[in-house]
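Colleague: File upload27.cif below, mmCIF, C-alpha atoms and all ligand atoms:
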```
data_entry
#
loop_
_atom_site.group_PDB
_atom_site.id
_atom_site.type_symbol
_atom_site.label_atom_id
_atom_site.label_comp_id
_atom_site.auth_asym_id
_atom_site.auth_seq_id
_atom_site.Cartn_x
_atom_site.Cartn_y
_atom_site.Cartn_z
ATOM 1 C CA MET A 1 94.834 64.928 192.745
ATOM 2 C CA LYS A 2 96.664 65.217 189.438
ATOM 3 C CA ASP A 3 99.221 62.487 188.859
ATOM 4 C CA LEU A 4 102.565 64.301 188.922
ATOM 5 C CA LYS A 5 104.687 61.223 188.411
ATOM 6 C CA PRO A 6 104.872 61.493 184.598
ATOM 7 C CA LEU A 7 106.525 64.896 185.060
ATOM 8 C CA PHE A 8 109.560 63.144 186.539
ATOM 9 C CA LEU A 9 112.070 60.614 185.192
ATOM 10 C CA LEU A 10 111.621 58.505 188.306
ATOM 11 C CA ASP A 11 111.365 54.725 188.057
ATOM 12 C CA PRO A 12 107.567 54.189 187.826
ATOM 13 C CA ASP A 13 107.852 51.209 190.184
ATOM 14 C CA VAL A 14 109.314 53.352 192.967
ATOM 15 C CA HIS A 15 107.296 55.619 195.251
ATOM 16 C CA PHE A 16 109.962 58.262 195.736
ATOM 17 C CA LEU A 17 109.239 60.457 198.763
ATOM 18 C CA ASN A 18 112.691 61.678 199.751
ATOM 19 C CA HIS A 19 112.930 64.991 197.904
ATOM 20 C CA GLY A 20 114.343 66.268 201.209
ATOM 21 C CA SER A 21 117.683 64.523 200.682
ATOM 22 C CA PHE A 22 118.143 64.896 196.947
ATOM 23 C CA GLY A 23 115.063 65.992 195.070
ATOM 24 C CA ALA A 24 114.352 64.521 191.668
ATOM 25 C CA ALA A 25 114.211 67.183 188.952
ATOM 26 C CA PRO A 26 111.113 67.418 186.744
ATOM 27 C CA ARG A 27 111.615 66.545 183.070
ATOM 28 C CA PRO A 28 111.673 70.155 181.744
ATOM 29 C CA VAL A 29 114.305 71.060 184.361
ATOM 30 C CA MET A 30 116.440 68.107 183.259
ATOM 31 C CA ALA A 31 116.031 69.143 179.619
ATOM 32 C CA ALA A 32 117.200 72.688 180.400
ATOM 33 C CA TYR A 33 120.091 71.349 182.483
ATOM 34 C CA GLN A 34 121.238 69.108 179.634
ATOM 35 C CA ALA A 35 120.903 71.942 177.112
ATOM 36 C CA TRP A 36 123.311 74.013 179.236
ATOM 37 C CA GLN A 37 125.756 71.100 179.345
ATOM 38 C CA MET A 38 125.638 70.838 175.535
ATOM 39 C CA ARG A 39 126.215 74.565 175.205
ATOM 40 C CA LEU A 40 129.259 74.336 177.480
ATOM 41 C CA GLU A 41 130.683 71.428 175.500
ATOM 42 C CA ARG A 42 130.420 73.243 172.160
ATOM 43 C CA GLN A 43 132.804 76.021 173.257
ATOM 44 C CA PRO A 44 134.141 75.355 176.758
ATOM 45 C CA VAL A 45 136.528 78.311 177.142
ATOM 46 C CA HIS A 46 134.222 80.845 175.549
ATOM 47 C CA PHE A 47 131.323 79.615 177.677
ATOM 48 C CA LEU A 48 133.204 79.555 180.991
ATOM 49 C CA VAL A 49 135.222 82.740 180.518
ATOM 50 C CA ASN A 50 132.938 85.022 178.543
ATOM 51 C CA GLU A 51 129.409 83.824 179.049
ATOM 52 C CA LEU A 52 129.181 82.242 182.475
ATOM 53 C CA PRO A 53 129.632 85.336 184.702
ATOM 54 C CA GLY A 54 126.718 87.134 183.022
ATOM 55 C CA LEU A 55 124.599 83.998 183.016
ATOM 56 C CA LEU A 56 125.220 83.414 186.723
ATOM 57 C CA HIS A 57 124.258 87.011 187.421
ATOM 58 C CA ALA A 58 121.015 86.602 185.479
ATOM 59 C CA ALA A 59 120.321 83.395 187.414
ATOM 60 C CA ARG A 60 120.940 85.179 190.726
ATOM 61 C CA GLU A 61 118.492 87.878 189.648
ATOM 62 C CA ALA A 62 115.855 85.239 188.926
ATOM 63 C CA LEU A 63 116.523 83.519 192.256
ATOM 64 C CA GLY A 64 116.476 86.909 194.000
ATOM 65 C CA HIS A 65 113.084 87.630 192.460
ATOM 66 C CA TYR A 66 111.831 84.309 193.862
ATOM 67 C CA LEU A 67 113.255 85.077 197.334
ATOM 68 C CA HIS A 68 112.437 88.827 197.263
ATOM 69 C CA ALA A 69 116.140 89.504 197.774
ATOM 70 C CA PRO A 70 118.589 91.700 195.823
ATOM 71 C CA ALA A 71 120.744 89.557 193.506
ATOM 72 C CA ASP A 72 123.894 91.074 195.005
ATOM 73 C CA ASP A 73 122.961 89.671 198.424
ATOM 74 C CA LEU A 74 122.979 86.112 197.045
ATOM 75 C CA VAL A 75 126.032 83.859 196.764
ATOM 76 C CA TYR A 76 126.080 80.385 195.218
ATOM 77 C CA VAL A 77 127.464 77.610 197.413
ATOM 78 C CA PRO A 78 127.325 73.849 196.730
ATOM 79 C CA ASN A 79 124.718 73.188 199.435
ATOM 80 C CA ALA A 80 123.255 74.420 202.718
ATOM 81 C CA THR A 81 125.832 72.670 204.887
ATOM 82 C CA TYR A 82 128.605 74.331 202.901
ATOM 83 C CA GLY A 83 126.969 77.709 203.541
ATOM 84 C CA VAL A 84 126.782 77.019 207.269
ATOM 85 C CA ASN A 85 130.475 76.117 207.233
ATOM 86 C CA VAL A 86 131.418 79.283 205.344
ATOM 87 C CA VAL A 87 129.676 81.481 207.907
ATOM 88 C CA ALA A 88 130.650 79.517 211.025
ATOM 89 C CA ARG A 89 134.334 79.400 210.067
ATOM 90 C CA SER A 90 134.448 83.092 209.160
ATOM 91 C CA LEU A 91 133.321 84.539 212.489
ATOM 92 C CA ALA A 92 135.868 85.994 214.910
ATOM 93 C CA LEU A 93 134.716 84.019 217.950
ATOM 94 C CA GLN A 94 136.475 84.265 221.323
ATOM 95 C CA PRO A 95 136.762 81.702 224.125
ATOM 96 C CA GLY A 96 133.524 81.710 226.138
ATOM 97 C CA ASP A 97 131.386 83.182 223.339
ATOM 98 C CA GLU A 98 128.165 81.203 222.982
ATOM 99 C CA ILE A 99 126.406 79.951 219.875
ATOM 100 C CA LEU A 100 122.812 79.179 220.745
ATOM 101 C CA THR A 101 120.935 76.568 218.767
ATOM 102 C CA SER A 102 118.040 74.164 219.246
ATOM 103 C CA ASP A 103 118.026 70.436 219.930
ATOM 104 C CA HIS A 104 116.463 69.817 216.457
ATOM 105 C CA GLU A 105 119.430 70.596 214.231
ATOM 106 C CA TYR A 106 120.964 68.657 211.364
ATOM 107 C CA GLY A 107 123.985 66.547 212.362
ATOM 108 C CA ALA A 108 126.466 67.865 209.783
ATOM 109 C CA CYS A 109 125.769 71.452 210.872
ATOM 110 C CA ASP A 110 126.095 70.545 214.563
ATOM 111 C CA ASN A 111 129.459 69.016 213.606
ATOM 112 C CA ALA A 112 130.593 72.183 211.824
ATOM 113 C CA TRP A 113 129.887 74.228 214.943
ATOM 114 C CA ALA A 114 131.577 71.630 217.166
ATOM 115 C CA LEU A 115 134.730 72.003 215.079
ATOM 116 C CA VAL A 116 134.608 75.801 215.184
ATOM 117 C CA CYS A 117 134.091 75.720 218.937
ATOM 118 C CA ARG A 118 137.013 73.345 219.414
ATOM 119 C CA LYS A 119 139.241 75.743 217.484
ATOM 120 C CA THR A 120 138.068 78.991 219.097
ATOM 121 C CA GLY A 121 136.999 78.017 222.622
ATOM 122 C CA ALA A 122 133.444 79.169 221.917
ATOM 123 C CA VAL A 123 130.568 77.121 223.376
ATOM 124 C CA TYR A 124 127.738 75.489 221.377
ATOM 125 C CA ARG A 125 124.548 75.412 223.456
ATOM 126 C CA ARG A 126 121.474 73.439 222.440
ATOM 127 C CA GLN A 127 118.305 74.919 223.855
ATOM 128 C CA PRO A 128 115.545 72.284 224.126
ATOM 129 C CA ILE A 129 112.371 72.980 222.165
ATOM 130 C CA PRO A 130 109.852 70.504 223.605
ATOM 131 C CA LEU A 131 107.517 68.284 221.636
ATOM 132 C CA PRO A 132 104.688 68.443 220.846
ATOM 133 C CA ALA A 133 105.561 71.845 219.442
ATOM 134 C CA ALA A 134 103.972 74.908 221.025
ATOM 135 C CA PRO A 135 102.488 77.758 218.922
ATOM 136 C CA PRO A 136 105.192 79.888 217.236
ATOM 137 C CA GLN A 137 105.360 82.718 219.786
ATOM 138 C CA GLU A 138 105.620 80.273 222.655
ATOM 139 C CA MET A 139 108.293 78.302 220.796
ATOM 140 C CA ALA A 140 110.274 81.526 220.283
ATOM 141 C CA ALA A 141 110.014 82.239 224.025
ATOM 142 C CA GLN A 142 111.125 78.691 224.878
ATOM 143 C CA PHE A 143 114.161 79.146 222.666
ATOM 144 C CA TRP A 144 114.963 82.600 224.003
ATOM 145 C CA GLN A 145 115.348 81.170 227.507
ATOM 146 C CA GLY A 146 118.751 79.920 226.307
ATOM 147 C CA VAL A 147 120.084 83.410 225.534
ATOM 148 C CA THR A 148 122.728 84.710 227.948
ATOM 149 C CA PRO A 149 124.923 87.832 227.952
ATOM 150 C CA ARG A 150 127.582 85.679 226.219
ATOM 151 C CA THR A 151 125.355 84.679 223.264
ATOM 152 C CA LYS A 152 127.062 85.964 220.110
ATOM 153 C CA VAL A 153 125.352 83.868 217.437
ATOM 154 C CA ILE A 154 121.978 82.188 217.036
ATOM 155 C CA PHE A 155 121.921 79.258 214.634
ATOM 156 C CA LEU A 156 118.578 77.664 213.749
ATOM 157 C CA SER A 157 116.977 75.555 211.070
ATOM 158 C CA HIS A 158 114.023 77.130 209.330
ATOM 159 C CA ILE A 159 112.515 73.644 208.861
ATOM 160 C CA THR A 160 114.048 71.053 211.171
ATOM 161 C CA SER A 161 115.438 67.790 209.812
ATOM 162 C CA PRO A 162 114.587 65.261 212.567
ATOM 163 C CA THR A 163 111.177 66.723 213.488
ATOM 164 C CA ALA A 164 109.896 68.676 210.415
ATOM 165 C CA LEU A 165 109.044 71.740 212.520
ATOM 166 C CA THR A 166 108.929 75.216 211.012
ATOM 167 C CA LEU A 167 110.704 77.287 213.638
ATOM 168 C CA PRO A 168 109.639 80.918 214.241
ATOM 169 C CA VAL A 169 112.860 82.308 212.821
ATOM 170 C CA ALA A 170 111.513 85.762 211.882
ATOM 171 C CA GLU A 171 110.472 86.437 215.481
ATOM 172 C CA ILE A 172 113.777 85.165 216.825
ATOM 173 C CA CYS A 173 115.869 87.103 214.271
ATOM 174 C CA ALA A 174 114.041 90.343 215.111
ATOM 175 C CA ARG A 175 114.684 89.850 218.804
ATOM 176 C CA ALA A 176 118.324 88.883 218.148
ATOM 177 C CA ARG A 177 118.909 92.010 216.071
ATOM 178 C CA GLN A 178 117.695 94.179 218.951
ATOM 179 C CA ALA A 179 120.021 92.292 221.298
ATOM 180 C CA GLY A 180 123.025 92.611 218.942
ATOM 181 C CA ILE A 181 123.221 88.842 218.328
ATOM 182 C CA LEU A 182 124.156 87.564 214.842
ATOM 183 C CA THR A 183 121.741 85.097 213.241
ATOM 184 C CA LEU A 184 122.376 82.256 210.802
ATOM 185 C CA VAL A 185 119.373 80.324 209.508
ATOM 186 C CA ASP A 186 119.759 76.894 207.910
ATOM 187 C CA GLY A 187 116.985 76.922 205.328
ATOM 188 C CA ALA A 188 117.978 73.615 203.694
ATOM 189 C CA HIS A 189 114.345 72.609 203.077
ATOM 190 C CA ALA A 190 112.734 76.023 202.909
ATOM 191 C CA PRO A 191 113.051 77.509 199.381
ATOM 192 C CA GLY A 192 110.919 74.736 197.883
ATOM 193 C CA GLN A 193 108.436 74.507 200.765
ATOM 194 C CA LEU A 194 107.785 78.012 202.085
ATOM 195 C CA ALA A 195 107.043 81.347 200.417
ATOM 196 C CA LEU A 196 110.299 83.025 201.402
ATOM 197 C CA ASP A 197 110.842 86.751 201.751
ATOM 198 C CA LEU A 198 114.446 86.900 202.890
ATOM 199 C CA PRO A 199 114.631 90.609 203.800
ATOM 200 C CA ALA A 200 111.408 90.326 205.832
ATOM 201 C CA LEU A 201 112.798 87.285 207.606
ATOM 202 C CA GLY A 202 115.665 89.438 208.847
ATOM 203 C CA ALA A 203 118.481 86.894 209.330
ATOM 204 C CA ASP A 204 122.061 88.107 209.018
ATOM 205 C CA PHE A 205 122.873 84.967 207.013
ATOM 206 C CA TYR A 206 120.468 82.509 205.407
ATOM 207 C CA THR A 207 121.594 79.363 203.636
ATOM 208 C CA GLY A 208 119.300 77.184 201.539
ATOM 209 C CA ASN A 209 119.038 74.501 198.888
ATOM 210 C CA CYS A 210 117.476 74.508 195.450
ATOM 211 C CA HIS A 211 118.192 70.782 195.050
ATOM 212 C CA LYS A 212 115.643 69.572 197.575
ATOM 213 C CA TRP A 213 111.867 70.247 197.283
ATOM 214 C CA GLN A 214 112.279 73.088 194.841
HETATM 215 C C1 LIG B 301 118.013 71.159 208.297
HETATM 216 C C2 LIG B 301 119.009 70.593 207.332
HETATM 217 N N1 LIG B 301 120.158 71.243 207.124
HETATM 218 C C3 LIG B 301 121.068 70.800 206.249
HETATM 219 C C4 LIG B 301 120.854 69.666 205.516
HETATM 220 C C5 LIG B 301 121.906 69.213 204.570
HETATM 221 O O1 LIG B 301 121.610 69.539 203.275
HETATM 222 P P1 LIG B 301 122.808 69.565 202.244
HETATM 223 O O2 LIG B 301 123.435 68.214 202.272
HETATM 224 O O3 LIG B 301 122.158 69.895 200.963
HETATM 225 O O4 LIG B 301 123.755 70.617 202.716
HETATM 226 C C6 LIG B 301 119.680 68.925 205.697
HETATM 227 C C7 LIG B 301 119.448 67.702 204.913
HETATM 228 O O5 LIG B 301 118.443 67.071 204.945
HETATM 229 C C8 LIG B 301 118.737 69.400 206.634
HETATM 230 O O6 LIG B 301 117.611 68.724 206.864
#
```
Translate this structure into structure tokens?

Modeller:
Amino acid sequence: MKDLKPLFLLDPDVHFLNHGSFGAAPRPVMAAYQAWQMRLERQPVHFLVNELPGLLHAAREALGHYLHAPADDLVYVPNATYGVNVVARSLALQPGDEILTSDHEYGACDNAWALVCRKTGAVYRRQPIPLPAAPPQEMAAQFWQGVTPRTKVIFLSHITSPTALTLPVAEICARARQAGILTLVDGAHAPGQLALDLPALGADFYTGNCHKWQ
């Protein structure tokens, strides 16, 4: 296999494997990033006021092309957890409403839902998905056993943090749409690892990171 290490600025003495927390950027990406910083510093007000909105739109178009999604459906947030918080805290949940999730979710996102539930009286239910993982359709059926008439939201990781499973989110989102249940997918690891087609995936909300594997 080609040695990719020279493409990164990483300490050559370190075998860096954790691109899932904070990915290291390849050298050309760092060069582009620093060129943008220099451009900002040359004319800060002109750059931020006049140039940035158009540049961000062009960047959303490029990202949309990568994700097969219209640019106007994409919103920049600092990270995936932030996106989960934005959605979770914006829903008009009532006491007794249920948010169904799996028992493979990322702690900070579980915490966000716990807070929302404490404030609204909604209930966060973790449906077990047993290990070793079953084939996708069976996994979707295992998860669906947790749905009740009170389920208002389904929240799932696309790729799970503690167990590195790819969950069958497209199947589950399709079924949820038929049942009138909102879906939020935490795709923190997905844009750099999976060929994503967001419209085909069919989630109501999808949050992801470009700073991990991508
Ligand atoms: C499934 C999942 N969601 C969310 C996150 C948090 O990512 P961030 O800190 O970029 O929001 C992680 C981090 O590893 C994760 O594995």

Colleague: I need the residue set behind the PyMOL selection byres (((chain A and resi 203) around 6) and not hetatm) for this file; please write it as a PyMOL selection string.

Modeller: chain A and resi 173+183+201-202+204-205

Colleague: If the PyMOL selection byres (((chain A and resi 161) around 10) and not hetatm) were run on this exact file, what residues would it hold? Put them as a PyMOL selection string.

Modeller: chain A and resi 20-21+104-107+157-160+162-166+188-189

Colleague: With only C-alpha atoms and all ligand atoms as the atoms that count, which of A:Ile154, A:Cys210, A:Ala80, A:Leu194 lies nearest to ligand LIG 301 (chain B)?

Modeller: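 When distances to ligand LIG 301 (chain B) are compared using only C-alpha atoms and all ligand atoms, the smallest one comes from A:Ala80.
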
Colleague: List the spatial neighbours of A:Leu7 as JSON, numbers by chain - criterion: any atom at most 10 Å away, only C-alpha atoms, same-chain residues fewer than 6 positions off excluded.

Modeller: {"A": [25, 26, 27, 28, 29]}

Colleague: Could you please take those selected residues and save C-alpha atoms as a PDB file, in the coordinates of the input?

Modeller:
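Output (part_28.pdb):
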```pdb
ATOM      1  CA  ALA A  25     114.211  67.183 188.952  1.00  0.00           C
ATOM      2  CA  PRO A  26     111.113  67.418 186.744  1.00  0.00           C
ATOM      3  CA  ARG A  27     111.615  66.545 183.070  1.00  0.00           C
ATOM      4  CA  PRO A  28     111.673  70.155 181.744  1.00  0.00           C
ATOM      5  CA  VAL A  29     114.305  71.060 184.361  1.00  0.00           C
TER       6      VAL A  29
END
```

Colleague: What lies within 8 Å of A:Tyr124 using only C-alpha atoms, ignoring chain neighbours under 2 positions off, as a PyMOL selection string?

Modeller: chain A and resi 98-101+113-114+117+122+126

Colleague: Provide the atom CA of A:Arg42 to atom CA of A:His211 distance in Å, to one decimal place.

Modeller: 26.1 Å

Colleague: Find, counting all atoms listed in the file, the residue in A:Ala174, A:Leu10, A:Val87, A:Leu55 that gets nearest to A:Met30.

Modeller: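 Closest to A:Met30 of all the choices is A:Leu10.
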
Colleague: Could you please determine the separation between atom CA of A:Ser90 and atom CA of A:Lys152 in Å, to one decimal place?

Modeller: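 Computing it gives 13.5 Å between the two atoms.
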
Colleague: Could you tell me how far atom CA of A:Asp110 sits from atom CA of A:Val123, in Å to one decimal place?

Modeller: 11.9 Å

Colleague: Rank nothing, just name the residue among A:Leu198, A:Leu182, A:Ile129, A:Val86 nearest to ligand LIG 301 (chain B), using all atoms listed in the file.

Modeller: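 Checking each of A:Leu198, A:Leu182, A:Ile129, A:Val86 against ligand LIG 301 (chain B), counting all atoms listed in the file, the winner is A:Val86.
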
Colleague: For A:Thr81, find every residue with an atom within 9 Å (counting only C-alpha atoms), except residues of its own chain fewer than 6 positions away, and show them as a list in words.

Modeller: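 Near A:Thr81, the qualifying residues are Ala108, Cys109, Ala112, Asp186, Ala188, Thr207 and Gly208 of chain A.
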
Colleague: Please list as a ChimeraX atom specification every residue within 12 Å of A:Asn209, counting all atoms listed in the file and excluding residues in the same chain fewer than 3 positions away.

Modeller: /A:19-23,63,75-84,158-159,186-193,206,212-214

Colleague: Keeping only C-alpha atoms, write the selected residues as an mmCIF file, in the frame of the given file.

Modeller:
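The resulting again-v6.cif:
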```cif
data_model
loop_
_atom_site.group_PDB
_atom_site.id
_atom_site.type_symbol
_atom_site.label_atom_id
_atom_site.label_comp_id
_atom_site.auth_asym_id
_atom_site.auth_seq_id
_atom_site.Cartn_x
_atom_site.Cartn_y
_atom_site.Cartn_z
ATOM 1 C CA HIS A 19 112.930 64.991 197.904
ATOM 2 C CA GLY A 20 114.343 66.268 201.209
ATOM 3 C CA SER A 21 117.683 64.523 200.682
ATOM 4 C CA PHE A 22 118.143 64.896 196.947
ATOM 5 C CA GLY A 23 115.063 65.992 195.070
ATOM 6 C CA LEU A 63 116.523 83.519 192.256
ATOM 7 C CA VAL A 75 126.032 83.859 196.764
ATOM 8 C CA TYR A 76 126.080 80.385 195.218
ATOM 9 C CA VAL A 77 127.464 77.610 197.413
ATOM 10 C CA PRO A 78 127.325 73.849 196.730
ATOM 11 C CA ASN A 79 124.718 73.188 199.435
ATOM 12 C CA ALA A 80 123.255 74.420 202.718
ATOM 13 C CA THR A 81 125.832 72.670 204.887
ATOM 14 C CA TYR A 82 128.605 74.331 202.901
ATOM 15 C CA GLY A 83 126.969 77.709 203.541
ATOM 16 C CA VAL A 84 126.782 77.019 207.269
ATOM 17 C CA HIS A 158 114.023 77.130 209.330
ATOM 18 C CA ILE A 159 112.515 73.644 208.861
ATOM 19 C CA ASP A 186 119.759 76.894 207.910
ATOM 20 C CA GLY A 187 116.985 76.922 205.328
ATOM 21 C CA ALA A 188 117.978 73.615 203.694
ATOM 22 C CA HIS A 189 114.345 72.609 203.077
ATOM 23 C CA ALA A 190 112.734 76.023 202.909
ATOM 24 C CA PRO A 191 113.051 77.509 199.381
ATOM 25 C CA GLY A 192 110.919 74.736 197.883
ATOM 26 C CA GLN A 193 108.436 74.507 200.765
ATOM 27 C CA TYR A 206 120.468 82.509 205.407
ATOM 28 C CA LYS A 212 115.643 69.572 197.575
ATOM 29 C CA TRP A 213 111.867 70.247 197.283
ATOM 30 C CA GLN A 214 112.279 73.088 194.841
#
```

Colleague: Here is a test: counting all atoms listed in the file, which residue of A:Asp72, A:Asp3, A:Glu61, A:Asp97 is nearest to A:Val153?

Modeller: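 Under the stated criterion, the closest residue is A:Asp97.
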
Colleague: With a distance cut-off of 12 Å and all atoms listed in the file, select the neighbouring residues of A:Met139, excluding the residue or stretch itself and same-chain residues fewer than 2 positions from it, and output the selection as a PyMOL selection string.

Modeller: chain A and resi 102+127-137+141-146+165-169+171-172

Colleague: Give, as JSON, the centre coordinates and the x, y and z edge lengths in Å to one decimal for an axis-aligned box around all listed atoms of stretch 12-24 of chain A, padded by 5 Å on each side.

Modeller:
```
{"center_x": 112.7, "center_y": 58.7, "center_z": 194.5, "size_x": 20.8, "size_y": 25.1, "size_z": 23.4}
```
